[in-house]
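Here the structure is laid out as structure tokens; the discussion comes afterwards.
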Amino acid sequence: MRHRSPFAPGPYTTWHLVRAALEALAGGALLVLTYSGFGAAVSDLSRGGKITYGVVVLLALVVRRRFPVGSLLVLAALAGVMPQAGLLVAVAAYPAARQLAEPHRRVAVLLTAAALTMAVAAGTARPMAVGSWQYGLALGVMLAAATVIVPGLVGTATGQQDRLLRALRERTAAAERARRLADSESRIHERSRIAAEMHDLVGHRLSLISLRAGGLELALGKQAPELRDEATILRKATRDAMNELREVLGVLGPLGRDTGTDALTDATGTHPDIEALVAESRGGGIPVTLAWDGPDLGAAEGPSVRRAVHRVVRESLTNVHRYATGAPVEVTVTHTDDEVRISVRNGAPPSPPAATTGLGTGRGLVGLRERVTLLGGTFEASAASGGGFDVTAAIPTGPDAASRAEPLPGPPLPDTTAEEGAVGGLQGRIAGVLTTVLGMGGVALMLGLGLGLVSEAQPGPDLPERQEVHIGMGKDEVERSVPTDSEAVRAAAAGHGPAVPAGTTSCLYPYVNGTSADGTADDESTDRFAVTRYCFHDDVLTAIDHFTVPLARP
């Protein structure tokens, strides 16, 4: 019994493990790259915390095919802690939305993942020293939009397209199977009609032979008794042949016969017979003209050829009555030494056919093609220019006509070709990889721009309210009220300015860009730089000195 794979639906295979390892390697490299690019704008973790974070993210990534929803929710929550997992959230959101067919469930999963990202980002912003919860919420909204909502919408559209294509393929396959079944039924029906005709023709001849053999048997019984047994054998052989003929033809199914005026006669397919068909159509309101070129068909051509000519003309005129009422029709029969060619061409009807006539099934034409091909001929039926229709058949009539007959194909084999998925084959896989790379690039661009905008909007740290500096203030109060002590200003002031008061224990040399500590602006046109010095005795301000020092210029 094969175990189910944790990395994909279905049983475990070695390829699943190899693919998961490659995905983990690529995901780890992506985490390192994104941390290097966005690390300064987001929260930080210890070395052990980073390792643990990366392991959990990669585990959720490699099981996304088996557990798409769970993997998406875990990655969405982890992205709220550190946005470095944002690109991997997009990798999980796209297939999850693509696979979920039920709209309500798909919307619920995407909204839950987005809410998780925003909630975790807002809840961990202050503990992770990122900023206030408002800043964390803004960061979460950006992450949810860029890594969950946008890839989810793209996956939804792709999944709907895949399901639509799959449904269209199924409908096309069903229509093709129905068409093949209808064609097969038409062939079987036509073969049954041909079998019935063979039964009638050959059976009639065998009946005559049997009848004459019986008469011969009676006559020989009186005149030549020694030959009576031979006549008896002939009569029994004829009877057995008739029975075997019925059995063989019965394999083709029930014998379908034309009855009434359409029954096979010695005149079927001859010039008078075709003229009778044309006269019937004229009586039905169809303007039909007949052109017969060559000698009439007779016993030399055989009943099967004459029957085929009759069927082609009759079926073509019947179609005109059904689908092109009132259209002019030209029937042409050309009989040569080698073949008989039948052409039935109609023009466009004066008015469109009634809606109840439909477009036809085409089974009659399939049967005609079956009959003509059995005789070694060719059959064509197609729309003609100007809105008409053209039916043409050529049937060999020479002594070698039977040898030119092409074997008919049997019933069509079922289509066993496996249906391809939304993306299949090498070309589809390459296109899928390129699409994934471009999609990841787009998500990375949105993520970078979003992080930049959110970071720029982040408020700075709350500074204590500054107080006016005066003698006697404590050193802590002075440090909160003036800019930070500058080592550069201290070095520049060394050897300049008044002497440090006696008993001084420490001094501050703050610097404000462009302005001295007393609020006077630096004059760039001079070579002096204003400095303010705060001196303390036992952390109590004892002196405030303002002086200038030479400004070093290149």
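By order of appearance in the structure tokens: chains A, B, ..., then residues from 1 within every chain, and ligands from 1 in the order shown.
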Find the residues near Ala119 of chain A: any atom within 8 Å, counting only C-alpha atoms, skip ones fewer than 3 places away on the same chain, and give them as an mmCIF file with N, CA and C atoms, in the first residue's frame.
data_model
loop_
_atom_site.group_PDB
_atom_site.id
_atom_site.type_symbol
_atom_site.label_atom_id
_atom_site.label_comp_id
_atom_site.auth_asym_id
_atom_site.auth_seq_id
_atom_site.Cartn_x
_atom_site.Cartn_y
_atom_site.Cartn_z
ATOM 1 N N GLY A 80 2.416 38.624 8.438
ATOM 2 C CA GLY A 80 2.088 39.712 9.343
ATOM 3 C C GLY A 80 3.180 39.974 10.360
ATOM 4 N N ALA A 115 -7.393 39.073 6.529
ATOM 5 C CA ALA A 115 -7.641 39.513 7.899
ATOM 6 C C ALA A 115 -6.554 39.022 8.841
ATOM 7 N N LEU A 116 -6.068 37.794 8.642
ATOM 8 C CA LEU A 116 -4.974 37.284 9.477
ATOM 9 C C LEU A 116 -3.720 38.138 9.333
ATOM 10 N N ALA A 122 -0.819 44.175 13.017
ATOM 11 C CA ALA A 122 -1.183 45.192 14.005
ATOM 12 C C ALA A 122 -0.841 44.740 15.421
ATOM 13 N N GLY A 123 -1.005 43.434 15.705
ATOM 14 C CA GLY A 123 -0.749 42.954 17.062
ATOM 15 C C GLY A 123 0.712 42.824 17.413
ATOM 16 N N LEU A 137 -1.062 48.050 11.403
ATOM 17 C CA LEU A 137 -2.277 47.809 10.635
ATOM 18 C C LEU A 137 -2.122 48.289 9.200
ATOM 19 N N GLY A 140 -0.065 45.806 7.446
ATOM 20 C CA GLY A 140 -0.836 44.607 7.163
ATOM 21 C C GLY A 140 -1.798 44.788 6.001
#
message = Applying 9 Å and only C-alpha atoms, which residues near Ala60 of chain A remain after dropping the ones on its own chain fewer than 5 positions away? List them as a PyMOL selection string.
response = chain A and resi 55+67+70-72+74-75+92
Please report, as a tab-separated table, each residue of segment 34-94 of chain A lying at most 7 Å from segment 5-25 of chain A, together with the nearest pair of atoms and the separation in Å rounded to one decimal; use only C-alpha atoms, and order rows by chain and ascending residue number.
residue	atom	partner	partner_atom	distance
A:Leu58	CA	A:Ala24	CA	5.7
A:Val62	CA	A:Ala20	CA	5.4
A:Val63	CA	A:Phe7	CA	4.7
A:Arg65	CA	A:Ala8	CA	4.9
A:Arg66	CA	A:Ala8	CA	4.5
Just-selected residues, all heavy atoms written as a PDB file, in the first residue's frame:
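In the end it all went to again.pdb:
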ATOM      1  N   LEU A  58       9.024  27.782   5.068  1.00  0.00           N
ATOM      2  CA  LEU A  58       9.322  26.837   3.996  1.00  0.00           C
ATOM      3  C   LEU A  58       8.486  25.568   4.110  1.00  0.00           C
ATOM      4  O   LEU A  58       8.084  24.991   3.090  1.00  0.00           O
ATOM      5  CB  LEU A  58      10.810  26.499   4.002  1.00  0.00           C
ATOM      6  CG  LEU A  58      11.750  27.679   3.684  1.00  0.00           C
ATOM      7  CD1 LEU A  58      13.195  27.237   3.727  1.00  0.00           C
ATOM      8  CD2 LEU A  58      11.420  28.280   2.325  1.00  0.00           C
ATOM      9  N   VAL A  62       6.058  24.137   1.004  1.00  0.00           N
ATOM     10  CA  VAL A  62       6.190  22.883   0.258  1.00  0.00           C
ATOM     11  C   VAL A  62       4.959  21.994   0.378  1.00  0.00           C
ATOM     12  O   VAL A  62       4.808  21.060  -0.422  1.00  0.00           O
ATOM     13  CB  VAL A  62       7.448  22.114   0.718  1.00  0.00           C
ATOM     14  CG1 VAL A  62       8.702  22.910   0.421  1.00  0.00           C
ATOM     15  CG2 VAL A  62       7.371  21.765   2.198  1.00  0.00           C
ATOM     16  N   VAL A  63       4.072  22.240   1.349  1.00  0.00           N
ATOM     17  CA  VAL A  63       2.865  21.410   1.486  1.00  0.00           C
ATOM     18  C   VAL A  63       1.633  22.104   0.904  1.00  0.00           C
ATOM     19  O   VAL A  63       0.518  21.647   1.121  1.00  0.00           O
ATOM     20  CB  VAL A  63       2.611  21.048   2.964  1.00  0.00           C
ATOM     21  CG1 VAL A  63       3.772  20.268   3.535  1.00  0.00           C
ATOM     22  CG2 VAL A  63       2.324  22.287   3.802  1.00  0.00           C
ATOM     23  N   ARG A  65       0.444  22.222  -2.076  1.00  0.00           N
ATOM     24  CA  ARG A  65      -0.334  21.449  -3.045  1.00  0.00           C
ATOM     25  C   ARG A  65      -1.265  20.466  -2.351  1.00  0.00           C
ATOM     26  O   ARG A  65      -2.357  20.193  -2.834  1.00  0.00           O
ATOM     27  CB  ARG A  65       0.602  20.703  -4.000  1.00  0.00           C
ATOM     28  CG  ARG A  65       1.344  21.603  -4.966  1.00  0.00           C
ATOM     29  CD  ARG A  65       2.170  20.787  -5.942  1.00  0.00           C
ATOM     30  NE  ARG A  65       2.802  21.638  -6.955  1.00  0.00           N
ATOM     31  CZ  ARG A  65       3.971  22.235  -6.795  1.00  0.00           C
ATOM     32  NH1 ARG A  65       4.637  22.063  -5.647  1.00  0.00           N
ATOM     33  NH2 ARG A  65       4.475  22.995  -7.746  1.00  0.00           N
ATOM     34  N   ARG A  66      -0.835  19.911  -1.230  1.00  0.00           N
ATOM     35  CA  ARG A  66      -1.670  18.960  -0.487  1.00  0.00           C
ATOM     36  C   ARG A  66      -2.669  19.693   0.400  1.00  0.00           C
ATOM     37  O   ARG A  66      -3.822  19.276   0.542  1.00  0.00           O
ATOM     38  CB  ARG A  66      -0.766  18.051   0.359  1.00  0.00           C
ATOM     39  CG  ARG A  66      -1.509  17.107   1.275  1.00  0.00           C
ATOM     40  CD  ARG A  66      -2.204  16.005   0.527  1.00  0.00           C
ATOM     41  NE  ARG A  66      -3.005  15.173   1.424  1.00  0.00           N
ATOM     42  CZ  ARG A  66      -2.498  14.225   2.212  1.00  0.00           C
ATOM     43  NH1 ARG A  66      -1.188  13.973   2.197  1.00  0.00           N
ATOM     44  NH2 ARG A  66      -3.287  13.520   2.972  1.00  0.00           N
TER      45      ARG A  66
END
key: Nearest to Leu30 of chain A by atom-to-atom distance, counting only C-alpha atoms, from A:Leu87, A:Phe536, A:Lys50, A:Leu317   =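 Using only C-alpha atoms, the shortest distance to Leu30 of chain A belongs to A:Leu87.
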Closest of A:Gly283, A:Gly326, A:Gly54, A:Gly439 to Leu78 of chain A - atom-to-atom distances counting only C-alpha atoms =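 Residue with the minimum atom-to-atom distance to Leu78 of chain A: A:Gly54.
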inquiry  = Residues near segment 469-471 of chain A, anyone? I mean within 12 Å using only C-alpha atoms, not counting same-chain ones fewer than 2 positions away, as a PyMOL selection string.
reply    = chain A and resi 466-467+473-483+517-518+532-537+539-545
inquiry  = List as a list in words the protein and nucleic acid residues near Ala492 of chain A, meaning an atom at most 10 Å away when only C-alpha atoms are counted, but skip any in the same chain fewer than 5 places from it.
reply    = Glu487, Tyr509, Phe529, Val531, Thr548, Val549, Pro550, Leu551 and Ala552 of chain A
Let me see the file: selected residues, all heavy atoms, as a PDB file, in the first residue's frame.
ATOM      1  N   GLU A 487      30.664  64.715  18.764  1.00  0.00           N
ATOM      2  CA  GLU A 487      32.110  64.567  18.887  1.00  0.00           C
ATOM      3  C   GLU A 487      32.830  65.436  17.870  1.00  0.00           C
ATOM      4  O   GLU A 487      33.931  65.932  18.121  1.00  0.00           O
ATOM      5  CB  GLU A 487      32.501  63.099  18.696  1.00  0.00           C
ATOM      6  CG  GLU A 487      32.054  62.181  19.805  1.00  0.00           C
ATOM      7  CD  GLU A 487      32.744  62.513  21.127  1.00  0.00           C
ATOM      8  OE1 GLU A 487      33.869  63.065  21.101  1.00  0.00           O
ATOM      9  OE2 GLU A 487      32.150  62.222  22.174  1.00  0.00           O
ATOM     10  N   TYR A 509      28.687  69.443  23.735  1.00  0.00           N
ATOM     11  CA  TYR A 509      28.890  70.256  22.536  1.00  0.00           C
ATOM     12  C   TYR A 509      27.828  69.868  21.501  1.00  0.00           C
ATOM     13  O   TYR A 509      28.080  69.102  20.569  1.00  0.00           O
ATOM     14  CB  TYR A 509      30.290  70.017  21.962  1.00  0.00           C
ATOM     15  CG  TYR A 509      31.410  70.542  22.830  1.00  0.00           C
ATOM     16  CD1 TYR A 509      31.916  69.776  23.874  1.00  0.00           C
ATOM     17  CD2 TYR A 509      31.959  71.807  22.606  1.00  0.00           C
ATOM     18  CE1 TYR A 509      32.944  70.233  24.663  1.00  0.00           C
ATOM     19  CE2 TYR A 509      32.999  72.278  23.399  1.00  0.00           C
ATOM     20  CZ  TYR A 509      33.476  71.491  24.428  1.00  0.00           C
ATOM     21  OH  TYR A 509      34.492  71.956  25.214  1.00  0.00           O
ATOM     22  N   PHE A 529      32.585  79.111  12.610  1.00  0.00           N
ATOM     23  CA  PHE A 529      31.477  78.217  12.914  1.00  0.00           C
ATOM     24  C   PHE A 529      31.056  78.428  14.365  1.00  0.00           C
ATOM     25  O   PHE A 529      31.903  78.401  15.272  1.00  0.00           O
ATOM     26  CB  PHE A 529      31.921  76.760  12.703  1.00  0.00           C
ATOM     27  CG  PHE A 529      30.867  75.755  13.039  1.00  0.00           C
ATOM     28  CD1 PHE A 529      29.780  75.541  12.196  1.00  0.00           C
ATOM     29  CD2 PHE A 529      30.949  75.033  14.217  1.00  0.00           C
ATOM     30  CE1 PHE A 529      28.815  74.609  12.520  1.00  0.00           C
ATOM     31  CE2 PHE A 529      29.972  74.091  14.544  1.00  0.00           C
ATOM     32  CZ  PHE A 529      28.898  73.882  13.680  1.00  0.00           C
ATOM     33  N   VAL A 531      29.605  77.762  18.019  1.00  0.00           N
ATOM     34  CA  VAL A 531      29.559  76.621  18.931  1.00  0.00           C
ATOM     35  C   VAL A 531      28.982  77.083  20.259  1.00  0.00           C
ATOM     36  O   VAL A 531      29.283  78.173  20.737  1.00  0.00           O
ATOM     37  CB  VAL A 531      30.963  76.014  19.147  1.00  0.00           C
ATOM     38  CG1 VAL A 531      30.902  74.873  20.165  1.00  0.00           C
ATOM     39  CG2 VAL A 531      31.539  75.528  17.838  1.00  0.00           C
ATOM     40  N   THR A 548      33.007  81.044  18.526  1.00  0.00           N
ATOM     41  CA  THR A 548      33.147  80.540  17.159  1.00  0.00           C
ATOM     42  C   THR A 548      34.513  79.908  16.996  1.00  0.00           C
ATOM     43  O   THR A 548      35.452  80.243  17.706  1.00  0.00           O
ATOM     44  CB  THR A 548      32.984  81.667  16.137  1.00  0.00           C
ATOM     45  OG1 THR A 548      33.991  82.653  16.368  1.00  0.00           O
ATOM     46  CG2 THR A 548      31.597  82.298  16.230  1.00  0.00           C
ATOM     47  N   VAL A 549      34.563  79.029  16.037  1.00  0.00           N
ATOM     48  CA  VAL A 549      35.817  78.342  15.723  1.00  0.00           C
ATOM     49  C   VAL A 549      36.033  78.440  14.220  1.00  0.00           C
ATOM     50  O   VAL A 549      35.084  78.633  13.454  1.00  0.00           O
ATOM     51  CB  VAL A 549      35.779  76.866  16.174  1.00  0.00           C
ATOM     52  CG1 VAL A 549      35.610  76.780  17.678  1.00  0.00           C
ATOM     53  CG2 VAL A 549      34.660  76.102  15.473  1.00  0.00           C
ATOM     54  N   PRO A 550      37.267  78.336  13.761  1.00  0.00           N
ATOM     55  CA  PRO A 550      37.513  78.384  12.314  1.00  0.00           C
ATOM     56  C   PRO A 550      36.830  77.203  11.606  1.00  0.00           C
ATOM     57  O   PRO A 550      36.829  76.076  12.101  1.00  0.00           O
ATOM     58  CB  PRO A 550      39.040  78.297  12.217  1.00  0.00           C
ATOM     59  CG  PRO A 550      39.539  78.714  13.554  1.00  0.00           C
ATOM     60  CD  PRO A 550      38.512  78.270  14.555  1.00  0.00           C
ATOM     61  N   LEU A 551      36.262  77.537  10.455  1.00  0.00           N
ATOM     62  CA  LEU A 551      35.557  76.521   9.683  1.00  0.00           C
ATOM     63  C   LEU A 551      36.497  75.957   8.623  1.00  0.00           C
ATOM     64  O   LEU A 551      37.023  76.697   7.789  1.00  0.00           O
ATOM     65  CB  LEU A 551      34.323  77.137   9.001  1.00  0.00           C
ATOM     66  CG  LEU A 551      33.472  76.170   8.158  1.00  0.00           C
ATOM     67  CD1 LEU A 551      32.863  75.075   9.032  1.00  0.00           C
ATOM     68  CD2 LEU A 551      32.356  76.939   7.455  1.00  0.00           C
ATOM     69  N   ALA A 552      36.748  74.667   8.712  1.00  0.00           N
ATOM     70  CA  ALA A 552      37.655  74.023   7.752  1.00  0.00           C
ATOM     71  C   ALA A 552      36.930  73.825   6.433  1.00  0.00           C
ATOM     72  O   ALA A 552      35.847  73.249   6.380  1.00  0.00           O
ATOM     73  CB  ALA A 552      38.137  72.684   8.306  1.00  0.00           C
TER      74      ALA A 552
END
ask   = So which one's closest to Val454 of chain A, A:Ala300, A:Leu165, A:Leu153, A:Val141? Using only C-alpha atoms, please.
value = A:Val141
message = From a backbone DSSP assignment, name each residue in segment 71-318 of chain A labelled strand (DSSP E), as a ChimeraX atom specification.
response = /A:288-293
Using the selection just defined, write its residues with N, CA, C and O atoms as a CSV table (one decimal), in the first residue's frame.
chain,number,residue,atom,x,y,z
A,288,VAL,N,-37.6,21.3,-61.2
A,288,VAL,CA,-36.5,20.4,-61.5
A,288,VAL,C,-36.3,20.2,-62.9
A,288,VAL,O,-37.3,20.0,-63.7
A,289,THR,N,-35.0,20.2,-63.4
A,289,THR,CA,-34.7,19.8,-64.8
A,289,THR,C,-33.8,18.6,-64.7
A,289,THR,O,-33.0,18.4,-63.8
A,290,LEU,N,-34.0,17.7,-65.7
A,290,LEU,CA,-33.2,16.5,-65.8
A,290,LEU,C,-32.5,16.5,-67.1
A,290,LEU,O,-33.0,16.7,-68.2
A,291,ALA,N,-31.2,16.2,-67.0
A,291,ALA,CA,-30.3,16.0,-68.2
A,291,ALA,C,-29.7,14.6,-68.1
A,291,ALA,O,-28.9,14.4,-67.2
A,292,TRP,N,-30.0,13.7,-69.1
A,292,TRP,CA,-29.4,12.4,-69.1
A,292,TRP,C,-28.5,12.3,-70.3
A,292,TRP,O,-29.0,12.4,-71.4
A,293,ASP,N,-27.3,12.0,-70.1
A,293,ASP,CA,-26.3,11.9,-71.1
A,293,ASP,C,-25.8,10.5,-71.2
A,293,ASP,O,-25.2,10.0,-70.2
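Minimum atom-to-atom distances from A:Gly386, A:Gly86, A:Gly214, A:Pro349 to Gly448 of chain A were compared using only C-alpha atoms, and the lowest value belongs to A:Gly86.
Of the listed residues (A:Tyr135, A:Tyr94, A:Phe547, A:Tyr323), A:Tyr94 comes nearest to Thr156 of chain A; the distances count only C-alpha atoms.
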Interatomic distance, atom CA of Ile188 of chain A to atom CA of Ala267 of chain A (Å, one decimal) =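 Distance reported for this atom pair: 26.1 Å.
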